[in-house]
There are 4 protein chains.
Amino acid sequence: MKAYHGIIPPVVTPLTCRHLLDVAGLERLLSHILSGGVQGIFVLGTTGEGPALDRETQVAMISESVRIVAGRVPVLAGISSASFQESVSLGRQAAAAGCSGVVCAPPCYFNLGEPELMDYYRALVSELRLPLFLYNMPSMTKVYMKPDWVCRLAELGGIGGYKDSSGNMADFHEVLLRLKDREDFSLFVGPEELLGEAVLFGADGGIPGGANLNPGLFVGMYQAARTGNVPEMRRCQERIYAQRRLYGLGRFQSSMLKGLKSALHQRGICEDYLARPFNHFEAPDASIVAEVLAAMGD
Amino acid sequence: MKAYHGIIPPVVTPLTCRHLLDVAGLERLLSHILSGGVQGIFVLGTTGEGPALDRETQVAMISESVRIVAGRVPVLAGISSASFQESVSLGRQAAAAGCSGVVCAPPCYFNLGEPELMDYYRALVSELRLPLFLYNMPSMTKVYMKPDWVCRLAELGGIGGYKDSSGNMADFHEVLLRLKDREDFSLFVGPEELLGEAVLFGADGGIPGGANLNPGLFVGMYQAARTGNVPEMRRCQERIYAQRRLYGLGRFQSSMLKGLKSALHQRGICEDYLARPFNHFEAPDASIVAEVLAAMGD
Amino acid sequence: MKAYHGIIPPVVTPLTCRHLLDVAGLERLLSHILSGGVQGIFVLGTTGEGPALDRETQVAMISESVRIVAGRVPVLAGISSASFQESVSLGRQAAAAGCSGVVCAPPCYFNLGEPELMDYYRALVSELRLPLFLYNMPSMTKVYMKPDWVCRLAELGGIGGYKDSSGNMADFHEVLLRLKDREDFSLFVGPEELLGEAVLFGADGGIPGGANLNPGLFVGMYQAARTGNVPEMRRCQERIYAQRRLYGLGRFQSSMLKGLKSALHQRGICEDYLARPFNHFEAPDASIVAEVLAAMGD
Amino acid sequence: MKAYHGIIPPVVTPLTCRHLLDVAGLERLLSHILSGGVQGIFVLGTTGEGPALDRETQVAMISESVRIVAGRVPVLAGISSASFQESVSLGRQAAAAGCSGVVCAPPCYFNLGEPELMDYYRALVSELRLPLFLYNMPSMTKVYMKPDWVCRLAELGGIGGYKDSSGNMADFHEVLLRLKDREDFSLFVGPEELLGEAVLFGADGGIPGGANLNPGLFVGMYQAARTGNVPEMRRCQERIYAQRRLYGLGRFQSSMLKGLKSALHQRGICEDYLARPFNHFEAPDASIVAEVLAAMGD
């Protein structure tokens with residue numbers, strides 16, 4: 001088993017208003033997540049609204065999470081930014097706070113070509129003291145990391161793994177076949193709907209947003225896929241899609257995040273504030289969330 | 001004539017390395033730009049690599065520019081960020097430093113729908129004390145501001161104008177026809193290639209990157225278009241396209257920026273460092289820049 | 001003046017049901033269009049729903065148009081298809097029917113790269129006996145014809161000109177500057193909103209959909225722009241945008257086509273059937289069309 | 001087992017030049033494919049260059065395939081076109097020739113919204129006498145068929161199934177969960193890289209281009225996935241990716257098609273002509289094809 005593997009939920013950032021950290025909510029949330037048997041947590045990712053938070057809240061989220069987790073599992077911190085220097089300084093703060101690694105998507109404002117992306121990660125890894133996980137997230141960053149690029153970056157010392165949130169399984173399978181036997185390089189799939197097949201074909205784990213709400217379900221899918229237990233995989237897949245109904249209520253890309261926070265709120269775990277640019281769920285949607293939760297049972 | 005009008009160059013940010021401000025270069029650059037007769041300057045825009053700089057360099061660029069300009073023309077500051085709170089705090093620093101207005105594109109990481117964008121600008125303007133200019137830049141932000149959205153946002157107090165860098169002239173003409181008679185709202189076109197026709201049909205001015213190198217050329221086009229001097233417009237257009245050959249050398253979206261900084265370097269105005277994610281021009285390209293400059297004559 | 005110049009409306013195809021030609025409607029329509037002083041007509045373009053029609057209706061539209069126009073102006077025929085051989089055979093039928101030229105966009109199903117596009121047009125022109133007009137229509141064909149490509153294709157014998165419907169004026173200006181002095185090559189702009197500025201800077205004319213309804217308005221804009229009559233250009237632009245309100249009623253890309261056919265129907269010129277995949281206007285939209293027409297006056 | 005299931009290769013169209021059918025090559029090809037144990041064939045799909053061929057060659061391909069297959073497996077025919085009427089008439093010719101069903105992607109030139117797409121398929125199925133398979137191919141047609149749309153269309157009588165070539169497995173899993181128990185509706189995945197996981201989670205089969213070259217490999221993957229034989233799935237996946245190296249040689253979207261035809265040519269099965277807009281493989285690429293084939297062994 002590699003150092004990084006299993007289910008590493010991208011933790012939502014509980015807020016007491018549009019931008020201040022809800023520490024009590026975070027304690028309840030992490031307690032809930034860890035009780036599900038996850039192998040790590042990832043803060044300040046896309047699900048964690050990382051790039052939408054200001055530096056102060058980012059640092060609070062990192063340091064409170066490290067404090068609460070207290071070494072039980074590794075804590076990875078997202079450091080994606082439009083600015084290289086801001087990513088570097090946040091990465092250094094993550095190291096100082098006790099994180100085990102950092103995760104960085106390509107910079108999100110300017111559009112990059114291949115040589116620029118290569119140079120970016122090369123420079124970034126040389127500035128950081130923690131393992132760096134590559135993060136393919138083209139719907140946000142506008143740049144798609146091709147399998148060849150990932151495999152070349154994997155040659156750099158200091159790169160600890162790859163998280164693919166592109167949804168392009170044909171390319172992720174290629175990366176898996178080329179890199180899965182590298183003991184010091186871990187391969188994670190982002191979209192929770194693809195967790196089963198990714199692990200079945202060799203991924204080391206997943207970073208599923210839905211594990212904020214139901215961590216055990218995703219740990220179960222991971223175990224089933226690792227052991228090739230196909231009937232159990234099919235059962236987990238049905239439950240993952242039942243939960244996914246929470247995400248389809250809004251009209252925009254914020255739907256998943258809104259559904260998750262609304263459900264966590266209804267479960268008494270944390271408030272449902274979202275950082276701007278996202279708005280609250282309206283009341284009618286919240287009542288649908290309640291129905292989906294009731295139907296999910298657990 | 002409206003309060004904001006004419007040529008307001010998006011000033012490039014001179015750097016002494018990949019991320020530190022070159023103050024002496026900035027002094028030479030602003031002196032060069034102001035000598036061309038421009039009606040304002042805009043710092044930390046896309047051409048100014050604003051979103052790629054860290055906060056310290058952003059603030060240095062704002063305060064040094066205000067100091068150097070010394071009230072001769074208004075200084076607008078870009079405050080675009082993936083984070084609302086970061087835009088607000090940079091906007092407050094811009095006000096404290098003595099800027100006249102701020103310019104903000106939609107947040108660049110998450111994808112927004114219409115109501116989220118409306119709410120974003122409404123909240124932003126309520127937090128700022130300076131006039132806010134809307135900034136349509138879909139190639140970077142992934143959101144296209146439709147004419148209807150712009151016209152509705154123009155109703156908000158505190159919005160001072162609109163900069164359209166989309167290149168979609170059919171929609172910009174619609175905005176012009178609907179808003180050009182609003183005395184307190186200024187309309188600017190971004191792409192320098194479209195300056196002539198935009199002003200001819202009622203735009204208040206332009207924010208052309210090429211004015212870093214040749215401010216007088218764009219001031220000339222502005223005057224020709226305002227006065228309906230068609231032969232002079234055609235002459236200016238030819239010269240604008242001759243200069244534009246500088247931008248086509250690289251292969252990626254950074255080409256314009258690289259060409260501009262390389263030309264400014266060859267003219268002895270400032271260094272040609274670019275902030276990451278962009279790389280330097282290679283030597284062969286630099287020699288082509290020299291040729292284009294020579295052909296341009298002036 | 002070049003052989004092809006001025007306003008060449010992309011004629012809508014009047015239908016008696018979802019797919020059969022309405023010959024009487026076509027007679028009224030062409031009489032109306034020619035009375036506006038246009039310099040040619042273009043049948044089976046995008047506005048003419050060319051690619052959505054079957055071969056029989058395509059050939060009927062060509063031959064009836066040639067018959068009705070009776071040599072008063074040149075007739076150009078669209079031959080765009082997903083299949084090279086189908087474009088060639090339709091082009092030969094157009095020649096036999098008496099057309100003056102053909103217009104062909106890149107094939108619309110498969111995605112092409114530059115060498116494939118070059119080879120396509122090279123082969124096409126060698127198979128045809130009529131002048132071929134290049135047609136840049138990326139929103140339909142998924143391939144964007146760069147200025148360099150157009151300029152290289154213009155070197156081929158048999159290419160008579162270029163119609164740019166991309167809406168990218170920065171690139172169209174580049175093509176204008178490079179090719180406008182070629183006596184045997186005509187440059188047309190597609191979007192009617194950009195007609196004025198295109199002609200002002202050297203285009204030979206335009207192919208505006210709105211000229212089906214109000215040909216004189218576009219002929220007026222063309223004359224004003226050719227002669228540099230800026231006040232008249234501004235007046236025409238306002239009227240073009242007033243008419244454009246007809247196009248914004250539907251929610252989809254068919255809006256312009258629906259608005260045009262609905263307005264022509266209300267003017268008693270032809271039926272408002274559209275070929276599949278487009279649907280009729282619903283009644284509420286039709287009443288808005290009536291209001292816009294009334295407001296337009298003429 | 002449903003009426004349509006298993007591996008149904010999208011047969012390449014052997015050509016003797018850029019557009020004429022190579023009947024002898026087709027006989028060798030179909031003999032090769034059928035010997036692999038496939039459960040049907042699909043002619044005139046994307047891999048079959050269907051939309052790029054003229055009507056005469058399309059009909060020849062259908063009728064010769066039906067003749068050669070001689071009832072051993074069902075023959076499905078692609079009828080995708082920019083024109084509704086052309087799809088209908090080709091569908092009728094396919095029925096007359098003895099095909100078992102037709103496959104139709106949304107029309108490829110104009111851009112559709114949801115109601116237009118729904119109406120299109122509703123009208124199409126009412127005009128045809130054969131079962132119609134929906135075909136999601138957004139990279140060519142520009143319209144993405146959402147799971148909800150597919151599920152609503154599945155309610156129509158006459159729709160026999162769905163082929164998803166989008167590569168979006170998260171959405172395909174949703175369609176699977178909602179429709180896999182419908183006995184009269186078959187679900188197929190297009191991309192061969194996703195065959196294993198699709199069938200594991202309930203798809204009825206796949207339409208993999210690579211089965212032209214190595215039908216037995218894909219039949220093996222299908223069987224392994226149906227029976228939940230995970231080790232065999234992993235072995236097949238490695239071999240599928242080894243073969244996939246054939247597709248990465250060109251620079252454009254035609255790469256897969258070029259690689260396949262070049263490999264079939266080197267195996268002595270058929271010529272490697274491609275219909276326009278695609279060009280031949282150049283010699284250096286052909287030698288790489290030879291190396292990949294040699295490495296694949298069989």
# chains A, B, ... in the order shown; residues from 1 in each chain; ligands from 1
call {"tool": "select_by_dssp", "arguments": {"residues": "region 22-271 of chain D", "states": "strand (DSSP E or B)", "output": "JSON, numbers by chain"}}
result
{"D": [41, 42, 43, 75, 76, 77, 78, 101, 102, 103, 104, 132, 133, 134, 135, 136, 159, 160, 161, 162, 163, 164, 168, 186, 187, 188, 189, 205, 206]}
call {"tool": "interface_residues", "arguments": {"of": "chain B", "to": "chain C", "cutoff": "12 Å", "atoms": "only C-alpha atoms", "output": "PyMOL selection string"}}
result
chain B and resi 147-148+165-178+190-202+224-245+248
call {"tool": "write_last_selection", "arguments": {"atoms": "C-alpha atoms", "output": "PDB file, in the first residue's frame"}}
result
ATOM      1  CA  PRO B 147     -25.597  43.114 -22.763  1.00  0.00           C
ATOM      2  CA  ASP B 148     -28.687  42.736 -20.587  1.00  0.00           C
ATOM      3  CA  SER B 165     -12.499  42.854 -23.686  1.00  0.00           C
ATOM      4  CA  SER B 166     -14.616  40.084 -25.164  1.00  0.00           C
ATOM      5  CA  GLY B 167     -14.054  41.087 -28.771  1.00  0.00           C
ATOM      6  CA  ASN B 168     -17.782  40.609 -29.416  1.00  0.00           C
ATOM      7  CA  MET B 169     -18.548  43.875 -31.197  1.00  0.00           C
ATOM      8  CA  ALA B 170     -22.153  42.968 -32.036  1.00  0.00           C
ATOM      9  CA  ASP B 171     -22.951  42.880 -28.328  1.00  0.00           C
ATOM     10  CA  PHE B 172     -20.783  45.868 -27.492  1.00  0.00           C
ATOM     11  CA  HIS B 173     -22.683  47.947 -30.065  1.00  0.00           C
ATOM     12  CA  GLU B 174     -25.891  46.974 -28.277  1.00  0.00           C
ATOM     13  CA  VAL B 175     -24.503  48.148 -24.946  1.00  0.00           C
ATOM     14  CA  LEU B 176     -23.325  51.366 -26.607  1.00  0.00           C
ATOM     15  CA  LEU B 177     -26.747  52.117 -28.029  1.00  0.00           C
ATOM     16  CA  ARG B 178     -28.396  51.514 -24.677  1.00  0.00           C
ATOM     17  CA  GLY B 190     -10.455  46.500 -24.604  1.00  0.00           C
ATOM     18  CA  PRO B 191      -8.997  45.089 -27.848  1.00  0.00           C
ATOM     19  CA  GLU B 192      -6.942  47.765 -29.542  1.00  0.00           C
ATOM     20  CA  GLU B 193      -7.934  46.462 -32.975  1.00  0.00           C
ATOM     21  CA  LEU B 194     -11.521  47.555 -32.285  1.00  0.00           C
ATOM     22  CA  LEU B 195     -10.818  50.991 -30.841  1.00  0.00           C
ATOM     23  CA  GLY B 196     -11.671  52.926 -33.977  1.00  0.00           C
ATOM     24  CA  GLU B 197     -15.087  51.463 -34.657  1.00  0.00           C
ATOM     25  CA  ALA B 198     -16.041  51.435 -30.964  1.00  0.00           C
ATOM     26  CA  VAL B 199     -15.384  55.148 -30.571  1.00  0.00           C
ATOM     27  CA  LEU B 200     -16.956  55.952 -33.934  1.00  0.00           C
ATOM     28  CA  PHE B 201     -20.203  54.414 -32.710  1.00  0.00           C
ATOM     29  CA  GLY B 202     -20.156  56.098 -29.311  1.00  0.00           C
ATOM     30  CA  ALA B 224      -9.909  60.532 -35.426  1.00  0.00           C
ATOM     31  CA  ALA B 225     -12.845  58.318 -34.490  1.00  0.00           C
ATOM     32  CA  ARG B 226     -14.428  60.927 -32.228  1.00  0.00           C
ATOM     33  CA  THR B 227     -14.335  63.500 -34.989  1.00  0.00           C
ATOM     34  CA  GLY B 228     -15.363  61.087 -37.734  1.00  0.00           C
ATOM     35  CA  ASN B 229     -12.100  61.563 -39.624  1.00  0.00           C
ATOM     36  CA  VAL B 230     -12.269  58.385 -41.655  1.00  0.00           C
ATOM     37  CA  PRO B 231      -9.037  58.712 -43.683  1.00  0.00           C
ATOM     38  CA  GLU B 232      -7.076  59.258 -40.487  1.00  0.00           C
ATOM     39  CA  MET B 233      -8.809  56.263 -38.884  1.00  0.00           C
ATOM     40  CA  ARG B 234      -7.664  54.094 -41.778  1.00  0.00           C
ATOM     41  CA  ARG B 235      -4.075  55.330 -41.424  1.00  0.00           C
ATOM     42  CA  CYS B 236      -4.081  54.636 -37.686  1.00  0.00           C
ATOM     43  CA  GLN B 237      -5.581  51.186 -38.215  1.00  0.00           C
ATOM     44  CA  GLU B 238      -2.711  50.259 -40.545  1.00  0.00           C
ATOM     45  CA  ARG B 239      -0.163  51.360 -37.984  1.00  0.00           C
ATOM     46  CA  ILE B 240      -1.960  49.518 -35.166  1.00  0.00           C
ATOM     47  CA  TYR B 241      -1.820  46.336 -37.230  1.00  0.00           C
ATOM     48  CA  ALA B 242       1.833  46.891 -38.085  1.00  0.00           C
ATOM     49  CA  GLN B 243       2.582  47.057 -34.366  1.00  0.00           C
ATOM     50  CA  ARG B 244       0.368  44.046 -33.725  1.00  0.00           C
ATOM     51  CA  ARG B 245       2.918  41.887 -35.529  1.00  0.00           C
ATOM     52  CA  GLY B 248       2.023  36.989 -32.948  1.00  0.00           C
TER      53      GLY B 248
END
call {"tool": "select_by_dssp", "arguments": {"residues": "region 172-240 of chain D", "states": "alpha helix (DSSP H)", "output": "PDB file with N, CA and C atoms, in the first residue's frame"}}
result
ATOM      1  N   PHE D 172     -23.247   8.589 -17.954  1.00  0.00           N
ATOM      2  CA  PHE D 172     -23.657   7.295 -18.512  1.00  0.00           C
ATOM      3  C   PHE D 172     -24.079   6.343 -17.387  1.00  0.00           C
ATOM      4  N   HIS D 173     -23.360   6.389 -16.266  1.00  0.00           N
ATOM      5  CA  HIS D 173     -23.784   5.565 -15.121  1.00  0.00           C
ATOM      6  C   HIS D 173     -25.205   5.924 -14.686  1.00  0.00           C
ATOM      7  N   GLU D 174     -25.522   7.210 -14.744  1.00  0.00           N
ATOM      8  CA  GLU D 174     -26.885   7.594 -14.353  1.00  0.00           C
ATOM      9  C   GLU D 174     -27.919   6.992 -15.304  1.00  0.00           C
ATOM     10  N   VAL D 175     -27.620   7.080 -16.602  1.00  0.00           N
ATOM     11  CA  VAL D 175     -28.537   6.480 -17.574  1.00  0.00           C
ATOM     12  C   VAL D 175     -28.646   4.967 -17.334  1.00  0.00           C
ATOM     13  N   LEU D 176     -27.513   4.337 -17.072  1.00  0.00           N
ATOM     14  CA  LEU D 176     -27.527   2.884 -16.801  1.00  0.00           C
ATOM     15  C   LEU D 176     -28.453   2.558 -15.633  1.00  0.00           C
ATOM     16  N   LEU D 177     -28.299   3.297 -14.540  1.00  0.00           N
ATOM     17  CA  LEU D 177     -29.097   2.982 -13.355  1.00  0.00           C
ATOM     18  C   LEU D 177     -30.583   3.174 -13.622  1.00  0.00           C
ATOM     19  N   ARG D 178     -30.898   4.111 -14.496  1.00  0.00           N
ATOM     20  CA  ARG D 178     -32.316   4.387 -14.738  1.00  0.00           C
ATOM     21  C   ARG D 178     -32.928   3.507 -15.821  1.00  0.00           C
ATOM     22  N   LEU D 179     -32.116   3.015 -16.759  1.00  0.00           N
ATOM     23  CA  LEU D 179     -32.699   2.316 -17.909  1.00  0.00           C
ATOM     24  C   LEU D 179     -32.241   0.871 -18.104  1.00  0.00           C
ATOM     25  N   LEU D 195     -15.221   0.380 -22.103  1.00  0.00           N
ATOM     26  CA  LEU D 195     -16.085  -0.785 -22.276  1.00  0.00           C
ATOM     27  C   LEU D 195     -16.210  -1.603 -20.995  1.00  0.00           C
ATOM     28  N   GLY D 196     -15.066  -1.873 -20.362  1.00  0.00           N
ATOM     29  CA  GLY D 196     -15.083  -2.749 -19.189  1.00  0.00           C
ATOM     30  C   GLY D 196     -15.978  -2.220 -18.090  1.00  0.00           C
ATOM     31  N   GLU D 197     -15.733  -1.019 -17.656  1.00  0.00           N
ATOM     32  CA  GLU D 197     -16.518  -0.468 -16.549  1.00  0.00           C
ATOM     33  C   GLU D 197     -17.984  -0.283 -16.916  1.00  0.00           C
ATOM     34  N   ALA D 198     -18.261   0.059 -18.184  1.00  0.00           N
ATOM     35  CA  ALA D 198     -19.654   0.248 -18.584  1.00  0.00           C
ATOM     36  C   ALA D 198     -20.428  -1.064 -18.440  1.00  0.00           C
ATOM     37  N   VAL D 199     -19.854  -2.132 -18.955  1.00  0.00           N
ATOM     38  CA  VAL D 199     -20.544  -3.424 -18.898  1.00  0.00           C
ATOM     39  C   VAL D 199     -20.597  -3.930 -17.453  1.00  0.00           C
ATOM     40  N   LEU D 200     -19.538  -3.709 -16.701  1.00  0.00           N
ATOM     41  CA  LEU D 200     -19.548  -4.125 -15.295  1.00  0.00           C
ATOM     42  C   LEU D 200     -20.732  -3.524 -14.541  1.00  0.00           C
ATOM     43  N   PRO D 215     -11.297  -7.965 -32.995  1.00  0.00           N
ATOM     44  CA  PRO D 215     -12.638  -8.136 -32.407  1.00  0.00           C
ATOM     45  C   PRO D 215     -12.623  -9.041 -31.178  1.00  0.00           C
ATOM     46  N   GLY D 216     -11.790 -10.049 -31.187  1.00  0.00           N
ATOM     47  CA  GLY D 216     -11.785 -10.997 -30.072  1.00  0.00           C
ATOM     48  C   GLY D 216     -11.397 -10.352 -28.755  1.00  0.00           C
ATOM     49  N   LEU D 217     -10.511  -9.382 -28.807  1.00  0.00           N
ATOM     50  CA  LEU D 217     -10.088  -8.697 -27.587  1.00  0.00           C
ATOM     51  C   LEU D 217     -11.275  -8.020 -26.910  1.00  0.00           C
ATOM     52  N   PHE D 218     -12.121  -7.394 -27.703  1.00  0.00           N
ATOM     53  CA  PHE D 218     -13.248  -6.663 -27.117  1.00  0.00           C
ATOM     54  C   PHE D 218     -14.371  -7.605 -26.702  1.00  0.00           C
ATOM     55  N   VAL D 219     -14.555  -8.670 -27.466  1.00  0.00           N
ATOM     56  CA  VAL D 219     -15.507  -9.698 -27.027  1.00  0.00           C
ATOM     57  C   VAL D 219     -15.039 -10.282 -25.690  1.00  0.00           C
ATOM     58  N   GLY D 220     -13.738 -10.441 -25.558  1.00  0.00           N
ATOM     59  CA  GLY D 220     -13.198 -10.950 -24.287  1.00  0.00           C
ATOM     60  C   GLY D 220     -13.456  -9.993 -23.130  1.00  0.00           C
ATOM     61  N   MET D 221     -13.235  -8.712 -23.358  1.00  0.00           N
ATOM     62  CA  MET D 221     -13.500  -7.734 -22.302  1.00  0.00           C
ATOM     63  C   MET D 221     -14.983  -7.749 -21.928  1.00  0.00           C
ATOM     64  N   TYR D 222     -15.828  -7.829 -22.933  1.00  0.00           N
ATOM     65  CA  TYR D 222     -17.278  -7.862 -22.673  1.00  0.00           C
ATOM     66  C   TYR D 222     -17.641  -9.056 -21.797  1.00  0.00           C
ATOM     67  N   GLN D 223     -17.118 -10.209 -22.142  1.00  0.00           N
ATOM     68  CA  GLN D 223     -17.436 -11.411 -21.361  1.00  0.00           C
ATOM     69  C   GLN D 223     -16.891 -11.288 -19.933  1.00  0.00           C
ATOM     70  N   ALA D 224     -15.673 -10.793 -19.818  1.00  0.00           N
ATOM     71  CA  ALA D 224     -15.063 -10.658 -18.487  1.00  0.00           C
ATOM     72  C   ALA D 224     -15.887  -9.709 -17.619  1.00  0.00           C
ATOM     73  N   ALA D 225     -16.321  -8.608 -18.204  1.00  0.00           N
ATOM     74  CA  ALA D 225     -17.058  -7.624 -17.423  1.00  0.00           C
ATOM     75  C   ALA D 225     -18.451  -8.148 -17.054  1.00  0.00           C
ATOM     76  N   ARG D 226     -19.079  -8.851 -17.984  1.00  0.00           N
ATOM     77  CA  ARG D 226     -20.413  -9.400 -17.700  1.00  0.00           C
ATOM     78  C   ARG D 226     -20.372 -10.379 -16.533  1.00  0.00           C
ATOM     79  N   VAL D 230     -12.653  -9.850 -12.696  1.00  0.00           N
ATOM     80  CA  VAL D 230     -11.823  -8.653 -12.614  1.00  0.00           C
ATOM     81  C   VAL D 230     -10.394  -8.879 -13.113  1.00  0.00           C
ATOM     82  N   PRO D 231      -9.728  -9.940 -12.762  1.00  0.00           N
ATOM     83  CA  PRO D 231      -8.357 -10.125 -13.293  1.00  0.00           C
ATOM     84  C   PRO D 231      -8.333 -10.148 -14.824  1.00  0.00           C
ATOM     85  N   GLU D 232      -9.306 -10.798 -15.432  1.00  0.00           N
ATOM     86  CA  GLU D 232      -9.343 -10.840 -16.892  1.00  0.00           C
ATOM     87  C   GLU D 232      -9.644  -9.446 -17.461  1.00  0.00           C
ATOM     88  N   MET D 233     -10.490  -8.690 -16.766  1.00  0.00           N
ATOM     89  CA  MET D 233     -10.749  -7.312 -17.208  1.00  0.00           C
ATOM     90  C   MET D 233      -9.454  -6.508 -17.231  1.00  0.00           C
ATOM     91  N   ARG D 234      -8.657  -6.669 -16.187  1.00  0.00           N
ATOM     92  CA  ARG D 234      -7.402  -5.900 -16.135  1.00  0.00           C
ATOM     93  C   ARG D 234      -6.474  -6.305 -17.261  1.00  0.00           C
ATOM     94  N   ARG D 235      -6.413  -7.599 -17.572  1.00  0.00           N
ATOM     95  CA  ARG D 235      -5.567  -8.040 -18.691  1.00  0.00           C
ATOM     96  C   ARG D 235      -6.067  -7.452 -20.018  1.00  0.00           C
ATOM     97  N   CYS D 236      -7.364  -7.514 -20.226  1.00  0.00           N
ATOM     98  CA  CYS D 236      -7.909  -6.960 -21.478  1.00  0.00           C
ATOM     99  C   CYS D 236      -7.638  -5.460 -21.573  1.00  0.00           C
ATOM    100  N   GLN D 237      -7.797  -4.767 -20.453  1.00  0.00           N
ATOM    101  CA  GLN D 237      -7.583  -3.318 -20.470  1.00  0.00           C
ATOM    102  C   GLN D 237      -6.156  -2.996 -20.916  1.00  0.00           C
ATOM    103  N   GLU D 238      -5.201  -3.748 -20.424  1.00  0.00           N
ATOM    104  CA  GLU D 238      -3.803  -3.497 -20.846  1.00  0.00           C
ATOM    105  C   GLU D 238      -3.632  -3.693 -22.341  1.00  0.00           C
ATOM    106  N   ARG D 239      -4.260  -4.731 -22.862  1.00  0.00           N
ATOM    107  CA  ARG D 239      -4.124  -4.978 -24.302  1.00  0.00           C
ATOM    108  C   ARG D 239      -4.870  -3.916 -25.127  1.00  0.00           C
ATOM    109  N   ILE D 240      -6.003  -3.460 -24.618  1.00  0.00           N
ATOM    110  CA  ILE D 240      -6.730  -2.392 -25.318  1.00  0.00           C
ATOM    111  C   ILE D 240      -5.881  -1.120 -25.387  1.00  0.00           C
TER     112      ILE D 240
END
call {"tool": "residues_around", "arguments": {"residues": "Leu29 (chain D)", "least_positions_apart": "3", "cutoff": "9 Å", "atoms": "only C-alpha atoms", "output": "list of chain:residue names"}}
result
D:Val11, D:Val12, D:Pro14, D:Ala24, D:Gly25, D:Leu26, D:His32, D:Ile33, D:Leu34, D:Asn212, D:Leu213, D:Leu264, D:Ile269, D:Cys270
call {"tool": "residues_around", "arguments": {"residues": "Leu187 (chain A)", "least_positions_apart": "5", "cutoff": "7 Å", "atoms": "only C-alpha atoms", "output": "ChimeraX atom specification"}}
result
/A:161-163,203-205
call {"tool": "write_last_selection", "arguments": {"atoms": "C-alpha atoms", "output": "PDB file, in the first residue's frame"}}
result
ATOM      1  CA  GLY A 161       0.775  12.062  -6.819  1.00  0.00           C
ATOM      2  CA  TYR A 162      -2.049  13.117  -9.070  1.00  0.00           C
ATOM      3  CA  LYS A 163      -5.687  13.969  -8.558  1.00  0.00           C
ATOM      4  CA  ALA A 203      -6.076   3.903  -8.718  1.00  0.00           C
ATOM      5  CA  ASP A 204      -4.882   4.315  -5.152  1.00  0.00           C
ATOM      6  CA  GLY A 205      -8.055   6.014  -4.029  1.00  0.00           C
TER       7      GLY A 205
END
call {"tool": "residues_around", "arguments": {"residues": "Ala96 (chain A)", "least_positions_apart": "4", "cutoff": "10 Å", "atoms": "only C-alpha atoms", "output": "number ranges by chain"}}
result
A: 63, 90-92, 129
call {"tool": "residues_around", "arguments": {"residues": "Cys104 (chain D)", "least_positions_apart": "6", "cutoff": "9 Å", "atoms": "only C-alpha atoms", "output": "VMD selection string"}}
result
chain D and resid 45 77 to 81 87 121 132 to 136
call {"tool": "atom_distance", "arguments": {"atom1": "CA of Leu257 (chain A)", "atom2": "CA of Leu130 (chain A)"}}
result
28.1 Å
call {"tool": "closest_residue", "arguments": {"among": "A:Leu21, A:Pro115, A:Val88, A:Phe188", "to": "Thr57 (chain A)", "atoms": "only C-alpha atoms"}}
result
A:Leu21
call {"tool": "closest_residue", "arguments": {"among": "B:Ala295, B:Leu260, B:Ala275, B:Ala3", "to": "Asp184 (chain B)", "atoms": "only C-alpha atoms"}}
result
B:Ala3
call {"tool": "atom_distance", "arguments": {"atom1": "CA of Gly37 (chain D)", "atom2": "CA of Ile7 (chain D)"}}
result
8.4 Å
